[in-house]
Amino acid sequence: MAAEEKVLLRAEDFDGQEAASRLLRQVIPAGGMPHAVLLSGIRGVGKRSLAELISRTLLCTGRDKPCGECPACRQLAADTHPDRTVIRPGEPLSPKGEKGKKNIPVDDIREAVRILSAHAYEGVGRVLVIEQAEQMNGNAQNALLKTLEEPPQDTWILLLSDSPGQLLPTIRSRCWLLRLNPWPEEKVAEILRRRGAEPEKIAECARICGGSPGRALEIAADSEYWARRGRLMKDFFSLRARSEILAVSGTWKDDKDQAAEMLDELEQMVSLLMKVRLGQADPALIREYPEEWRRAAAEGEIRGWMRLADAITRARLLRQNQVTWQAVVERLLLDFMEVKSRW
């Protein structure tokens, strides 16, 4: 979930994620926590939050784990627990490391192995969390292998990865694999409400985030996204006459650095309208669109929606072929006007 705000979760927050729920509710309470777990899934799906919850459950000294009240839980919440070590790219663990590097060097893994081999301060055990584990270079992954094969007693290693296929097969084979699946829209919407997202943005964020609560939270807070979306609604869906096209395209000519985002978002908007037409999305999601587009989403020919989807694909190709961005926008605006005129 969002990295900028730590929210202390419970096992029930992962209901719907079968493997995670089983680990939290059955495996750990029974004392069967694997020494190494590889948490995978799309960016923002909750791997870091799950690793946090696993750490709290393992290191909690209270009766109902995690209790949230014992000294260990308070230290974990403050990121000061001496028996949990976190490695992430750009934040060196080793004194030899350099800040800002994109990979995880072998020195950081060697330092982590040294820490794991020491006696736990609190006596419960030690947890090592490696975020973006696929960023370990080859030497770093090899340095971790021996510890994965012969882990010290009462130590647990959590590897987090968006792209587990980039890890060595020997690393993956020594880990218990746990994949987090994309969340349904209603669950993402619930998370957004709990985090205090603006109510009018919740449905849109939950719909376009691809099942990633972290991504949904980013979108909700992204003022550039909402400003660009407002421009797209005004320029593409509220355009009234062909005579306005040149003036409108002129307002976009200096925004070629936003071209990829603009085309992606325009495609998402067209896709939503088409899903409403096919009965696959709630018409309430398009209530902000102009009346003629809402009508087309209710009764317009499917061919028109396909033409718009093709037009956006063609715009990407034109851009790749070095056609000026203003010309690409003009062609798109013409396509939108032409399709709308046939409905």
# chains A, B, ... in the order shown; residues from 1 in each chain; ligands from 1
>>> residues_around(residues="region 60-70 of chain A", least_positions_apart="6", cutoff="10 Å", atoms="only C-alpha atoms", output="PDB file with N, CA, C and O atoms, in the first residue's frame")
ATOM      1  N   LEU A   8      -1.133   0.049  10.396  1.00  0.00           N
ATOM      2  CA  LEU A   8      -0.944  -1.255  11.001  1.00  0.00           C
ATOM      3  C   LEU A   8      -2.139  -2.145  10.673  1.00  0.00           C
ATOM      4  O   LEU A   8      -3.267  -1.874  11.086  1.00  0.00           O
ATOM      5  N   LEU A   9      -1.876  -3.210   9.917  1.00  0.00           N
ATOM      6  CA  LEU A   9      -2.926  -4.083   9.425  1.00  0.00           C
ATOM      7  C   LEU A   9      -3.081  -5.311  10.306  1.00  0.00           C
ATOM      8  O   LEU A   9      -2.242  -5.623  11.144  1.00  0.00           O
ATOM      9  N   ARG A  10      -4.180  -6.007  10.091  1.00  0.00           N
ATOM     10  CA  ARG A  10      -4.459  -7.271  10.757  1.00  0.00           C
ATOM     11  C   ARG A  10      -4.631  -8.347   9.694  1.00  0.00           C
ATOM     12  O   ARG A  10      -4.743  -8.052   8.503  1.00  0.00           O
ATOM     13  N   ALA A  11      -4.690  -9.606  10.145  1.00  0.00           N
ATOM     14  CA  ALA A  11      -4.826 -10.710   9.197  1.00  0.00           C
ATOM     15  C   ALA A  11      -6.069 -10.562   8.328  1.00  0.00           C
ATOM     16  O   ALA A  11      -6.053 -10.882   7.133  1.00  0.00           O
ATOM     17  N   LEU A  24      -0.923 -16.253   7.599  1.00  0.00           N
ATOM     18  CA  LEU A  24      -1.128 -15.451   8.792  1.00  0.00           C
ATOM     19  C   LEU A  24      -1.993 -16.149   9.836  1.00  0.00           C
ATOM     20  O   LEU A  24      -1.756 -16.031  11.039  1.00  0.00           O
ATOM     21  N   ILE A  28       1.791 -19.469  10.631  1.00  0.00           N
ATOM     22  CA  ILE A  28       2.584 -18.809  11.674  1.00  0.00           C
ATOM     23  C   ILE A  28       2.099 -19.181  13.072  1.00  0.00           C
ATOM     24  O   ILE A  28       2.915 -19.540  13.937  1.00  0.00           O
ATOM     25  N   PRO A  29       0.790 -19.125  13.369  1.00  0.00           N
ATOM     26  CA  PRO A  29       0.350 -19.530  14.718  1.00  0.00           C
ATOM     27  C   PRO A  29       0.730 -20.955  15.088  1.00  0.00           C
ATOM     28  O   PRO A  29       0.939 -21.260  16.274  1.00  0.00           O
ATOM     29  N   LEU A  53       3.290  -6.934   8.349  1.00  0.00           N
ATOM     30  CA  LEU A  53       2.400  -7.699   9.217  1.00  0.00           C
ATOM     31  C   LEU A  53       3.033  -9.025   9.638  1.00  0.00           C
ATOM     32  O   LEU A  53       2.911  -9.445  10.793  1.00  0.00           O
ATOM     33  N   ILE A  54       3.718  -9.677   8.714  1.00  0.00           N
ATOM     34  CA  ILE A  54       4.426 -10.920   9.060  1.00  0.00           C
ATOM     35  C   ILE A  54       5.494 -10.634  10.120  1.00  0.00           C
ATOM     36  O   ILE A  54       5.634 -11.377  11.104  1.00  0.00           O
ATOM     37  N   LEU A  76       8.515  -1.887  16.083  1.00  0.00           N
ATOM     38  CA  LEU A  76       8.312  -2.192  14.672  1.00  0.00           C
ATOM     39  C   LEU A  76       7.544  -1.076  13.981  1.00  0.00           C
ATOM     40  O   LEU A  76       7.851  -0.692  12.849  1.00  0.00           O
ATOM     41  N   ALA A  77       6.530  -0.545  14.656  1.00  0.00           N
ATOM     42  CA  ALA A  77       5.754   0.550  14.068  1.00  0.00           C
ATOM     43  C   ALA A  77       6.613   1.782  13.847  1.00  0.00           C
ATOM     44  O   ALA A  77       6.393   2.545  12.903  1.00  0.00           O
ATOM     45  N   GLU A 122      16.076  -9.235  21.305  1.00  0.00           N
ATOM     46  CA  GLU A 122      14.883  -9.484  22.107  1.00  0.00           C
ATOM     47  C   GLU A 122      14.659 -10.972  22.371  1.00  0.00           C
ATOM     48  O   GLU A 122      13.714 -11.347  23.058  1.00  0.00           O
ATOM     49  N   GLY A 123      15.463 -11.832  21.770  1.00  0.00           N
ATOM     50  CA  GLY A 123      15.390 -13.256  22.043  1.00  0.00           C
ATOM     51  C   GLY A 123      14.354 -14.030  21.256  1.00  0.00           C
ATOM     52  O   GLY A 123      14.308 -15.260  21.338  1.00  0.00           O
ATOM     53  N   VAL A 124      13.497 -13.354  20.491  1.00  0.00           N
ATOM     54  CA  VAL A 124      12.456 -14.054  19.730  1.00  0.00           C
ATOM     55  C   VAL A 124      13.009 -14.595  18.423  1.00  0.00           C
ATOM     56  O   VAL A 124      12.767 -15.741  18.048  1.00  0.00           O
TER      57      VAL A 124
END
>>> residues_around(residues="region 303-308 of chain A", least_positions_apart="6", cutoff="7 Å", atoms="only C-alpha atoms", output="list in words")
Met274, Asp335, Phe336 and Val339 of chain A
>>> residues_around(residues="Glu338 (chain A)", least_positions_apart="2", cutoff="12 Å", atoms="only C-alpha atoms", output="PyMOL selection string")
chain A and resi 236+239-242+304-305+307-308+311+331-336+340-343
>>> select_by_dssp(residues="region 79-274 of chain A", states="alpha helix (DSSP H)", output="PyMOL selection string")
chain A and resi 106-117+138-149+169-173+185-194+199-208+213-220+223-237+245-252+259-274
>>> atom_distance(atom1="CA of Glu265 (chain A)", atom2="CA of Gly196 (chain A)")
23.8 Å
>>> closest_residue(among="A:Gln322, A:Ser249, A:Thr313, A:Ser117", to="Asp264 (chain A)", atoms="only C-alpha atoms")
A:Thr313
>>> atom_distance(atom1="CA of Asp13 (chain A)", atom2="CA of Trp226 (chain A)")
28.8 Å
>>> atom_distance(atom1="CA of Thr147 (chain A)", atom2="CA of Val106 (chain A)")
13.5 Å
>>> residues_around(residues="region 288-292 of chain A", least_positions_apart="4", cutoff="10 Å", atoms="only C-alpha atoms", output="ChimeraX atom specification")
/A:233-234,237-239,269,273,284,296-298,300,340,343
>>> residues_around(residues="Trp252 (chain A)", least_positions_apart="5", cutoff="8 Å", atoms="only C-alpha atoms", output="MDAnalysis selection string")
chainID A and resid 325:326 329
>>> write_last_selection(atoms="all heavy atoms", output="compact mmCIF listing (two decimals), in the first residue's frame")
# COMPACT_ATOMS: atom_id res chain seq x y z
N TRP A 325 3.92 16.13 -32.27
CA TRP A 325 2.88 15.83 -31.29
C TRP A 325 1.59 16.61 -31.59
O TRP A 325 0.48 16.08 -31.46
CB TRP A 325 3.40 16.15 -29.89
CG TRP A 325 2.40 15.96 -28.78
CD1 TRP A 325 2.08 16.86 -27.82
CD2 TRP A 325 1.62 14.79 -28.52
NE1 TRP A 325 1.14 16.33 -26.97
CE2 TRP A 325 0.84 15.06 -27.38
CE3 TRP A 325 1.50 13.55 -29.13
CZ2 TRP A 325 -0.05 14.14 -26.83
CZ3 TRP A 325 0.61 12.62 -28.60
CH2 TRP A 325 -0.15 12.93 -27.46
N GLN A 326 1.72 17.86 -32.03
CA GLN A 326 0.51 18.64 -32.34
C GLN A 326 -0.26 17.98 -33.48
O GLN A 326 -1.50 17.90 -33.45
CB GLN A 326 0.86 20.08 -32.72
CG GLN A 326 -0.39 20.93 -32.98
CD GLN A 326 -0.08 22.40 -33.20
OE1 GLN A 326 1.08 22.82 -33.17
NE2 GLN A 326 -1.12 23.20 -33.41
N VAL A 329 -2.17 15.00 -32.15
CA VAL A 329 -3.37 15.41 -31.42
C VAL A 329 -4.46 15.85 -32.39
O VAL A 329 -5.64 15.51 -32.22
CB VAL A 329 -3.03 16.55 -30.43
CG1 VAL A 329 -4.29 17.10 -29.78
CG2 VAL A 329 -2.07 16.04 -29.35
>>> closest_residue(among="A:Leu317, A:Ile202, A:Leu278, A:Ala189", to="Ile302 (chain A)", atoms="only C-alpha atoms")
A:Leu278
